[in-house]
Amino acid sequence: MYDLLVVGGGPAGLSAALNARRRNKKVLLVAKETISSKLRPAGRIENYPGLPGVSGPELAERFREHAVAAGVEIKKEEVINIQPQESGFFVMGKNEGFEAAAVILATGAPQKATLPGEVELAGRGVSYCATCDGMFFRGRDVMVISQLPAGEEEAAFLAGICRKVYYLPEYKGEYNLPPGVELVNGKALRLEGEGQLERVVTTAGEYKVAGVFLERAGLPPEQLYPGLAMADEAIQVDRRMATNIPGLFAAGDCTGRPWQIAKAVGEGQVAALSAVQYLAER
Ligand SMILES: Cc1cc2nc3c(=O)[nH]c(=O)nc-3n(C[C@H](O)[C@H](O)[C@H](O)COP(=O)(O)OP(=O)(O)OC[C@H]3O[C@@H](n4cnc5c(N)ncnc54)[C@H](O)[C@@H]3O)c2cc1C
């Protein structure tokens with residue numbers, strides 16, 4: 001059981017975790033990627049005080065090293081659901097679950113359903129987790145549409161159980177795909193089907209598949225915690241970075257604009273101190 005669990009390994013999450021450790025709390029940080037997908041492509045950062053011209057990956061690494069040196073435990077895991085329980089929260093990852101008395105969400109700019117047909121067909125062929133749902137498509141054809149290189153691992157896993165796996169990357173770079181996974185060089189346009197997914201329409205043609213796995217930088221926050229109040233597509237917080245759920249705080253891009261590192265770091269610190277105060281008052 002942790003005092004505090006932080007979801008997200010970007011500037012906000014690492015700042016929150018570091019500051020909670022400075023108050024001697026037992027802190028676990030759970031992040032889908034070891035380096036934030038926002039900081040990875042950031043070449044030169046000129047507006048972070050004291051470090052002019054620092055690259056995104058270097059700043060991310062410095063933040064991470066600082067948090068680890070302070071005693072923050074970090075796990076690479078995607079959180080798919082958070083539930084209240086008597087002692088605080090149960091945080092469910094794709095592979096593992098964790099208990100914590102308080103939680104800070106630092107999941108980055110909120111994701112929304114972006115493909116026409118996605119909302120209607122969610123759970124009817126549209127999935128966000130190959131580990132959870134892959135077996136439903138055993139021996140059938142599927143497609144992975146991914147914003148992140150992590151989608152390549154999902155495709156490799158699915159290649160072991162599905163008949164055919166198509167991989168449509170929404171990022172640039174080298175693709176490390178095993179045999180049996182076919183690369184689709186196109187843009188996904190929409191998902192179609194009568195009550196059940198039947199095909200994915202892309203600029204490279206139509207693909208008849210039984211399942212599509214969407215690998216996104218993050219899930220919509222209200223999907224992580226049903227009942228979480230949102231405002232203008234961001235998590236609604238007060239000046240203490242408290243959400244409408246007691247014990248659940250939020251910081252960084254997920255609370256709204258400006259989407260900037262200094263704002264994320266500052267909010268992470270406020271959220272950590274508020275969480276520490278919440279734990280003391282409980
Ligand atoms: C190309 C580029 C250049 C930029 N340049 C600048 C700049 O010069 N100056 C500046 O101030 N800002 C810049 N930014 C913006 C800056 O990167 C963001 O504002 C900042 O990273 C936000 O930090 P964050 O911690 O809120 O979110 P993020 O950095 O997006 O981190 C979110 C974290 O949450 C994790 N996550 C999400 N969902 C889950 C889940 N369900 N389970 C587990 N983990 C999850 C992600 O994997 C990630 O680790 C730039 C952004 C980009 C894309």
# chains A, B, ... in the order shown; residues from 1 in each chain; ligands from 1

call {"tool": "residues_near_ligand", "arguments": {"ligand": "ligand 1", "cutoff": "6 Å", "atoms": "only C-alpha atoms and all ligand atoms", "output": "number ranges by chain"}}
result
A: 7-13, 30-33, 36, 38-39, 41-42, 45-47, 77-80, 106-109, 217-219, 252-254, 259-262, 264

call {"tool": "write_last_selection", "arguments": {"atoms": "N, CA and C atoms", "output": "mmCIF file, in the first residue's frame"}}
result
data_model
loop_
_atom_site.group_PDB
_atom_site.id
_atom_site.type_symbol
_atom_site.label_atom_id
_atom_site.label_comp_id
_atom_site.auth_asym_id
_atom_site.auth_seq_id
_atom_site.Cartn_x
_atom_site.Cartn_y
_atom_site.Cartn_z
ATOM 1 N N VAL A 7 0.089 8.911 -11.526
ATOM 2 C CA VAL A 7 -0.081 8.320 -12.855
ATOM 3 C C VAL A 7 0.490 9.285 -13.878
ATOM 4 N N GLY A 8 1.601 8.908 -14.523
ATOM 5 C CA GLY A 8 2.209 9.761 -15.547
ATOM 6 C C GLY A 8 3.647 10.111 -15.212
ATOM 7 N N GLY A 9 4.529 9.933 -16.205
ATOM 8 C CA GLY A 9 5.965 10.148 -15.984
ATOM 9 C C GLY A 9 6.512 11.343 -16.729
ATOM 10 N N GLY A 10 5.673 12.347 -17.004
ATOM 11 C CA GLY A 10 6.144 13.586 -17.619
ATOM 12 C C GLY A 10 6.578 14.565 -16.531
ATOM 13 N N PRO A 11 6.813 15.821 -16.902
ATOM 14 C CA PRO A 11 7.254 16.819 -15.921
ATOM 15 C C PRO A 11 6.315 16.944 -14.717
ATOM 16 N N ALA A 12 5.005 16.902 -14.934
ATOM 17 C CA ALA A 12 4.061 17.066 -13.817
ATOM 18 C C ALA A 12 4.153 15.894 -12.851
ATOM 19 N N GLY A 13 4.142 14.683 -13.389
ATOM 20 C CA GLY A 13 4.165 13.489 -12.534
ATOM 21 C C GLY A 13 5.468 13.373 -11.766
ATOM 22 N N VAL A 30 3.604 5.513 -11.795
ATOM 23 C CA VAL A 30 3.297 4.536 -12.839
ATOM 24 C C VAL A 30 3.180 5.286 -14.155
ATOM 25 N N ALA A 31 3.987 4.895 -15.135
ATOM 26 C CA ALA A 31 3.966 5.613 -16.415
ATOM 27 C C ALA A 31 3.972 4.637 -17.571
ATOM 28 N N LYS A 32 3.203 4.990 -18.568
ATOM 29 C CA LYS A 32 3.095 4.157 -19.758
ATOM 30 C C LYS A 32 4.415 4.139 -20.537
ATOM 31 N N GLU A 33 5.087 5.299 -20.564
ATOM 32 C CA GLU A 33 6.379 5.372 -21.270
ATOM 33 C C GLU A 33 7.412 5.916 -20.309
ATOM 34 N N SER A 36 8.362 10.875 -21.521
ATOM 35 C CA SER A 36 7.117 11.456 -22.026
ATOM 36 C C SER A 36 7.156 11.617 -23.547
ATOM 37 N N LYS A 38 5.742 13.692 -25.186
ATOM 38 C CA LYS A 38 5.780 15.125 -25.513
ATOM 39 C C LYS A 38 7.227 15.617 -25.490
ATOM 40 N N LEU A 39 7.993 15.180 -24.475
ATOM 41 C CA LEU A 39 9.369 15.678 -24.351
ATOM 42 C C LEU A 39 10.315 15.005 -25.339
ATOM 43 N N PRO A 41 10.232 14.372 -28.592
ATOM 44 C CA PRO A 41 10.553 15.082 -29.838
ATOM 45 C C PRO A 41 10.934 16.556 -29.648
ATOM 46 N N ALA A 42 10.930 17.048 -28.402
ATOM 47 C CA ALA A 42 11.216 18.476 -28.175
ATOM 48 C C ALA A 42 12.723 18.725 -28.304
ATOM 49 N N ILE A 45 14.541 23.480 -25.726
ATOM 50 C CA ILE A 45 13.555 24.152 -24.880
ATOM 51 C C ILE A 45 14.194 25.445 -24.388
ATOM 52 N N GLU A 46 13.554 26.548 -24.725
ATOM 53 C CA GLU A 46 14.172 27.852 -24.422
ATOM 54 C C GLU A 46 13.465 28.599 -23.302
ATOM 55 N N ASN A 47 12.352 28.022 -22.789
ATOM 56 C CA ASN A 47 11.607 28.801 -21.784
ATOM 57 C C ASN A 47 11.524 28.105 -20.435
ATOM 58 N N GLU A 77 3.973 0.946 -16.785
ATOM 59 C CA GLU A 77 2.673 0.260 -16.807
ATOM 60 C C GLU A 77 1.606 1.256 -17.239
ATOM 61 N N GLU A 78 0.648 0.812 -18.006
ATOM 62 C CA GLU A 78 -0.469 1.704 -18.358
ATOM 63 C C GLU A 78 -1.627 1.486 -17.398
ATOM 64 N N VAL A 79 -2.095 2.564 -16.818
ATOM 65 C CA VAL A 79 -3.259 2.486 -15.932
ATOM 66 C C VAL A 79 -4.517 2.503 -16.788
ATOM 67 N N ILE A 80 -5.416 1.553 -16.535
ATOM 68 C CA ILE A 80 -6.636 1.521 -17.349
ATOM 69 C C ILE A 80 -7.884 1.861 -16.543
ATOM 70 N N ALA A 106 -1.413 12.721 -13.726
ATOM 71 C CA ALA A 106 -0.529 13.634 -14.479
ATOM 72 C C ALA A 106 -0.339 13.024 -15.861
ATOM 73 N N THR A 107 -1.463 12.802 -16.519
ATOM 74 C CA THR A 107 -1.487 11.958 -17.720
ATOM 75 C C THR A 107 -1.304 12.731 -19.024
ATOM 76 N N GLY A 108 -0.991 14.016 -18.953
ATOM 77 C CA GLY A 108 -0.770 14.769 -20.187
ATOM 78 C C GLY A 108 -2.065 15.253 -20.814
ATOM 79 N N ALA A 109 -1.925 15.927 -21.946
ATOM 80 C CA ALA A 109 -3.092 16.535 -22.599
ATOM 81 C C ALA A 109 -4.179 15.490 -22.802
ATOM 82 N N ALA A 217 -1.573 7.913 -26.614
ATOM 83 C CA ALA A 217 -0.685 8.419 -25.563
ATOM 84 C C ALA A 217 -1.350 8.288 -24.194
ATOM 85 N N GLY A 218 -2.663 8.235 -24.141
ATOM 86 C CA GLY A 218 -3.372 8.069 -22.872
ATOM 87 C C GLY A 218 -4.852 7.871 -23.123
ATOM 88 N N LEU A 219 -5.540 7.378 -22.093
ATOM 89 C CA LEU A 219 -6.986 7.204 -22.209
ATOM 90 C C LEU A 219 -7.675 8.503 -21.797
ATOM 91 N N GLY A 252 -0.624 19.315 -14.500
ATOM 92 C CA GLY A 252 0.021 19.314 -15.817
ATOM 93 C C GLY A 252 -0.956 19.534 -16.957
ATOM 94 N N ASP A 253 -0.563 19.072 -18.143
ATOM 95 C CA ASP A 253 -1.376 19.303 -19.336
ATOM 96 C C ASP A 253 -2.810 18.784 -19.172
ATOM 97 N N CYS A 254 -2.990 17.752 -18.328
ATOM 98 C CA CYS A 254 -4.334 17.164 -18.190
ATOM 99 C C CYS A 254 -5.314 18.122 -17.529
ATOM 100 N N TRP A 259 -0.157 24.375 -22.272
ATOM 101 C CA TRP A 259 0.550 23.099 -22.239
ATOM 102 C C TRP A 259 2.042 23.411 -22.234
ATOM 103 N N GLN A 260 2.595 23.582 -21.056
ATOM 104 C CA GLN A 260 3.987 24.009 -20.912
ATOM 105 C C GLN A 260 4.635 23.273 -19.748
ATOM 106 N N ILE A 261 5.962 23.122 -19.858
ATOM 107 C CA ILE A 261 6.688 22.337 -18.853
ATOM 108 C C ILE A 261 6.661 23.025 -17.479
ATOM 109 N N ALA A 262 6.929 24.334 -17.464
ATOM 110 C CA ALA A 262 7.001 25.033 -16.171
ATOM 111 C C ALA A 262 5.660 24.964 -15.441
ATOM 112 N N ALA A 264 3.452 22.574 -15.787
ATOM 113 C CA ALA A 264 3.275 21.179 -15.354
ATOM 114 C C ALA A 264 4.063 20.906 -14.069
#

call {"tool": "select_by_dssp", "arguments": {"residues": "range 50-225 of chain A", "states": "strand (DSSP E or B)", "output": "ChimeraX atom specification"}}
result
/A:54,73-76,79-85,88-93,97-105,122,126-127,141-146,164-169,181-183,188-192,199-202,205-208,211-215

call {"tool": "select_by_dssp", "arguments": {"residues": "range 185-234 of chain A", "states": "helix (DSSP H, G or I)", "output": "MDAnalysis selection string"}}
result
chainID A and resid 221:224

call {"tool": "write_last_selection", "arguments": {"atoms": "all heavy atoms", "output": "PDB file, in the first residue's frame"}}
result
ATOM      1  N   PRO A 221      -9.438  10.911 -19.485  1.00  0.00           N
ATOM      2  CA  PRO A 221      -9.428  10.842 -18.010  1.00  0.00           C
ATOM      3  C   PRO A 221     -10.731  10.319 -17.425  1.00  0.00           C
ATOM      4  O   PRO A 221     -10.731   9.576 -16.440  1.00  0.00           O
ATOM      5  CB  PRO A 221      -9.187  12.294 -17.582  1.00  0.00           C
ATOM      6  CG  PRO A 221      -8.549  12.939 -18.756  1.00  0.00           C
ATOM      7  CD  PRO A 221      -9.087  12.251 -19.974  1.00  0.00           C
ATOM      8  N   GLU A 222     -11.882  10.711 -18.024  1.00  0.00           N
ATOM      9  CA  GLU A 222     -13.152  10.276 -17.443  1.00  0.00           C
ATOM     10  C   GLU A 222     -13.377   8.778 -17.641  1.00  0.00           C
ATOM     11  O   GLU A 222     -14.223   8.177 -16.999  1.00  0.00           O
ATOM     12  CB  GLU A 222     -14.324  11.117 -17.969  1.00  0.00           C
ATOM     13  CG  GLU A 222     -14.591  11.050 -19.449  1.00  0.00           C
ATOM     14  CD  GLU A 222     -13.761  12.021 -20.283  1.00  0.00           C
ATOM     15  OE1 GLU A 222     -12.551  12.152 -20.022  1.00  0.00           O
ATOM     16  OE2 GLU A 222     -14.319  12.606 -21.221  1.00  0.00           O
ATOM     17  N   GLN A 223     -12.566   8.184 -18.553  1.00  0.00           N
ATOM     18  CA  GLN A 223     -12.627   6.731 -18.728  1.00  0.00           C
ATOM     19  C   GLN A 223     -11.786   6.060 -17.626  1.00  0.00           C
ATOM     20  O   GLN A 223     -12.103   4.968 -17.173  1.00  0.00           O
ATOM     21  CB  GLN A 223     -12.086   6.366 -20.103  1.00  0.00           C
ATOM     22  CG  GLN A 223     -12.458   4.962 -20.560  1.00  0.00           C
ATOM     23  CD  GLN A 223     -12.119   4.783 -22.036  1.00  0.00           C
ATOM     24  OE1 GLN A 223     -12.332   5.673 -22.857  1.00  0.00           O
ATOM     25  NE2 GLN A 223     -11.575   3.640 -22.372  1.00  0.00           N
ATOM     26  N   LEU A 224     -10.704   6.746 -17.213  1.00  0.00           N
ATOM     27  CA  LEU A 224      -9.865   6.206 -16.134  1.00  0.00           C
ATOM     28  C   LEU A 224     -10.633   6.181 -14.824  1.00  0.00           C
ATOM     29  O   LEU A 224     -10.518   5.254 -14.043  1.00  0.00           O
ATOM     30  CB  LEU A 224      -8.626   7.094 -15.924  1.00  0.00           C
ATOM     31  CG  LEU A 224      -7.452   6.926 -16.856  1.00  0.00           C
ATOM     32  CD1 LEU A 224      -6.322   7.858 -16.417  1.00  0.00           C
ATOM     33  CD2 LEU A 224      -6.964   5.489 -16.854  1.00  0.00           C
TER      34      LEU A 224
END

call {"tool": "residues_around", "arguments": {"residues": "Val200 in chain A", "least_positions_apart": "6", "cutoff": "8 Å", "atoms": "only C-alpha atoms", "output": "ChimeraX atom specification"}}
result
/A:188-192,206-209,212

call {"tool": "write_last_selection", "arguments": {"atoms": "N, CA and C atoms", "output": "short mmCIF file (atom, residue, chain, number, x, y, z; two decimals), in the first residue's frame"}}
result
data_model
loop_
_atom_site.label_atom_id
_atom_site.label_comp_id
_atom_site.auth_asym_id
_atom_site.auth_seq_id
_atom_site.Cartn_x
_atom_site.Cartn_y
_atom_site.Cartn_z
N ALA A 188 -5.72 6.59 -40.93
CA ALA A 188 -7.04 6.02 -40.61
C ALA A 188 -8.10 7.11 -40.76
N LEU A 189 -9.19 6.79 -41.47
CA LEU A 189 -10.24 7.79 -41.69
C LEU A 189 -11.46 7.53 -40.82
N ARG A 190 -11.93 6.27 -40.78
CA ARG A 190 -13.09 5.96 -39.94
C ARG A 190 -13.21 4.46 -39.71
N LEU A 191 -14.01 4.13 -38.68
CA LEU A 191 -14.29 2.74 -38.34
C LEU A 191 -15.75 2.49 -38.70
N GLU A 192 -16.02 1.38 -39.38
CA GLU A 192 -17.38 1.13 -39.84
C GLU A 192 -17.86 -0.25 -39.44
N GLU A 206 -9.48 -0.03 -47.79
CA GLU A 206 -10.34 -0.55 -46.71
C GLU A 206 -9.78 -1.88 -46.21
N TYR A 207 -9.82 -2.08 -44.90
CA TYR A 207 -9.30 -3.32 -44.30
C TYR A 207 -10.42 -3.99 -43.53
N LYS A 208 -10.77 -5.22 -43.96
CA LYS A 208 -11.83 -5.96 -43.24
C LYS A 208 -11.19 -6.64 -42.03
N VAL A 209 -11.51 -6.15 -40.85
CA VAL A 209 -10.94 -6.72 -39.63
C VAL A 209 -12.04 -6.89 -38.58
N VAL A 212 -10.00 -3.74 -33.86
CA VAL A 212 -8.99 -2.69 -34.03
C VAL A 212 -8.54 -2.28 -32.64
#

call {"tool": "closest_residue", "arguments": {"among": "A:Lys94, A:Arg257, A:Arg21, A:Arg40", "to": "Asn81 in chain A", "atoms": "only C-alpha atoms"}}
result
A:Lys94

call {"tool": "residues_around", "arguments": {"residues": "Glu182 in chain A", "least_positions_apart": "3", "cutoff": "9 Å", "atoms": "only C-alpha atoms", "output": "ChimeraX atom specification"}}
result
/A:164-168,177-179

call {"tool": "write_last_selection", "arguments": {"atoms": "N, CA, C and O atoms", "output": "JSON list (two decimals), in the first residue's frame"}}
result
[["chain", "number", "residue", "atom", "x", "y", "z"],
["A", 164, "LYS", "N", -4.11, -12.46, -38.91],
["A", 164, "LYS", "CA", -3.40, -11.42, -39.65],
["A", 164, "LYS", "C", -3.43, -10.14, -38.82],
["A", 164, "LYS", "O", -4.46, -9.78, -38.25],
["A", 165, "VAL", "N", -2.30, -9.46, -38.75],
["A", 165, "VAL", "CA", -2.25, -8.18, -38.01],
["A", 165, "VAL", "C", -1.76, -7.09, -38.95],
["A", 165, "VAL", "O", -0.69, -7.21, -39.56],
["A", 166, "TYR", "N", -2.56, -6.05, -39.09],
["A", 166, "TYR", "CA", -2.13, -4.85, -39.83],
["A", 166, "TYR", "C", -1.65, -3.83, -38.81],
["A", 166, "TYR", "O", -2.24, -3.70, -37.73],
["A", 167, "TYR", "N", -0.60, -3.07, -39.17],
["A", 167, "TYR", "CA", -0.08, -2.06, -38.25],
["A", 167, "TYR", "C", -0.07, -0.69, -38.92],
["A", 167, "TYR", "O", 0.61, -0.50, -39.93],
["A", 168, "LEU", "N", -0.86, 0.23, -38.39],
["A", 168, "LEU", "CA", -0.94, 1.57, -38.96],
["A", 168, "LEU", "C", -0.34, 2.56, -37.93],
["A", 168, "LEU", "O", -1.00, 2.90, -36.94],
["A", 177, "LEU", "N", 8.79, -4.46, -36.64],
["A", 177, "LEU", "CA", 7.62, -5.33, -36.69],
["A", 177, "LEU", "C", 8.03, -6.76, -37.02],
["A", 177, "LEU", "O", 8.86, -6.99, -37.90],
["A", 178, "PRO", "N", 7.47, -7.73, -36.32],
["A", 178, "PRO", "CA", 7.83, -9.12, -36.60],
["A", 178, "PRO", "C", 7.16, -9.60, -37.88],
["A", 178, "PRO", "O", 6.20, -8.97, -38.36],
["A", 179, "PRO", "N", 7.63, -10.73, -38.45],
["A", 179, "PRO", "CA", 6.96, -11.29, -39.62],
["A", 179, "PRO", "C", 5.50, -11.57, -39.28],
["A", 179, "PRO", "O", 5.20, -11.93, -38.14]]

call {"tool": "atom_distance", "arguments": {"atom1": "CA of Phe213 in chain A", "atom2": "CA of Glu194 in chain A"}}
result
18.2 Å

call {"tool": "residues_around", "arguments": {"residues": "Asp133 in chain A", "least_positions_apart": "5", "cutoff": "10 Å", "atoms": "only C-alpha atoms", "output": "PyMOL selection string"}}
result
chain A and resi 123+125-128+138+158+211+213

call {"tool": "atom_distance", "arguments": {"atom1": "CA of Pro110 in chain A", "atom2": "CA of Met1 in chain A"}}
result
27.6 Å

call {"tool": "closest_residue", "arguments": {"among": "A:Val184, A:Leu228, A:Val276, A:Ala101", "to": "Arg240 in chain A", "atoms": "only C-alpha atoms"}}
result
A:Val276

call {"tool": "residues_around", "arguments": {"residues": "Ser15 in chain A", "least_positions_apart": "4", "cutoff": "8 Å", "atoms": "only C-alpha atoms", "output": "ChimeraX atom specification"}}
result
/A:11,19,63,67,265-266,268-269

call {"tool": "write_last_selection", "arguments": {"atoms": "N, CA and C atoms", "output": "compact mmCIF listing (two decimals), in the first residue's frame"}}
result
# COMPACT_ATOMS: atom_id res chain seq x y z
N PRO A 11 6.81 15.82 -16.90
CA PRO A 11 7.25 16.82 -15.92
C PRO A 11 6.31 16.94 -14.72
N ASN A 19 8.27 15.82 -4.98
CA ASN A 19 7.86 16.67 -3.86
C ASN A 19 7.18 15.87 -2.75
N PHE A 63 14.89 15.03 -14.85
CA PHE A 63 13.74 14.95 -13.94
C PHE A 63 13.65 13.54 -13.35
N ALA A 67 14.07 12.31 -9.37
CA ALA A 67 12.98 11.63 -8.64
C ALA A 67 13.47 10.29 -8.08
N VAL A 265 5.31 21.39 -14.04
CA VAL A 265 6.16 21.18 -12.86
C VAL A 265 5.55 21.87 -11.63
N GLY A 266 5.08 23.10 -11.82
CA GLY A 266 4.49 23.86 -10.70
C GLY A 266 3.23 23.19 -10.19
N GLY A 268 2.45 20.09 -10.47
CA GLY A 268 2.83 18.82 -9.83
C GLY A 268 3.22 19.05 -8.38
N GLN A 269 3.94 20.15 -8.12
CA GLN A 269 4.35 20.43 -6.75
C GLN A 269 3.14 20.76 -5.88

call {"tool": "residues_around", "arguments": {"residues": "Lys172 in chain A", "least_positions_apart": "4", "cutoff": "10 Å", "atoms": "only C-alpha atoms", "output": "list in words"}}
result
Gln147, Leu148 and Pro149 of chain A
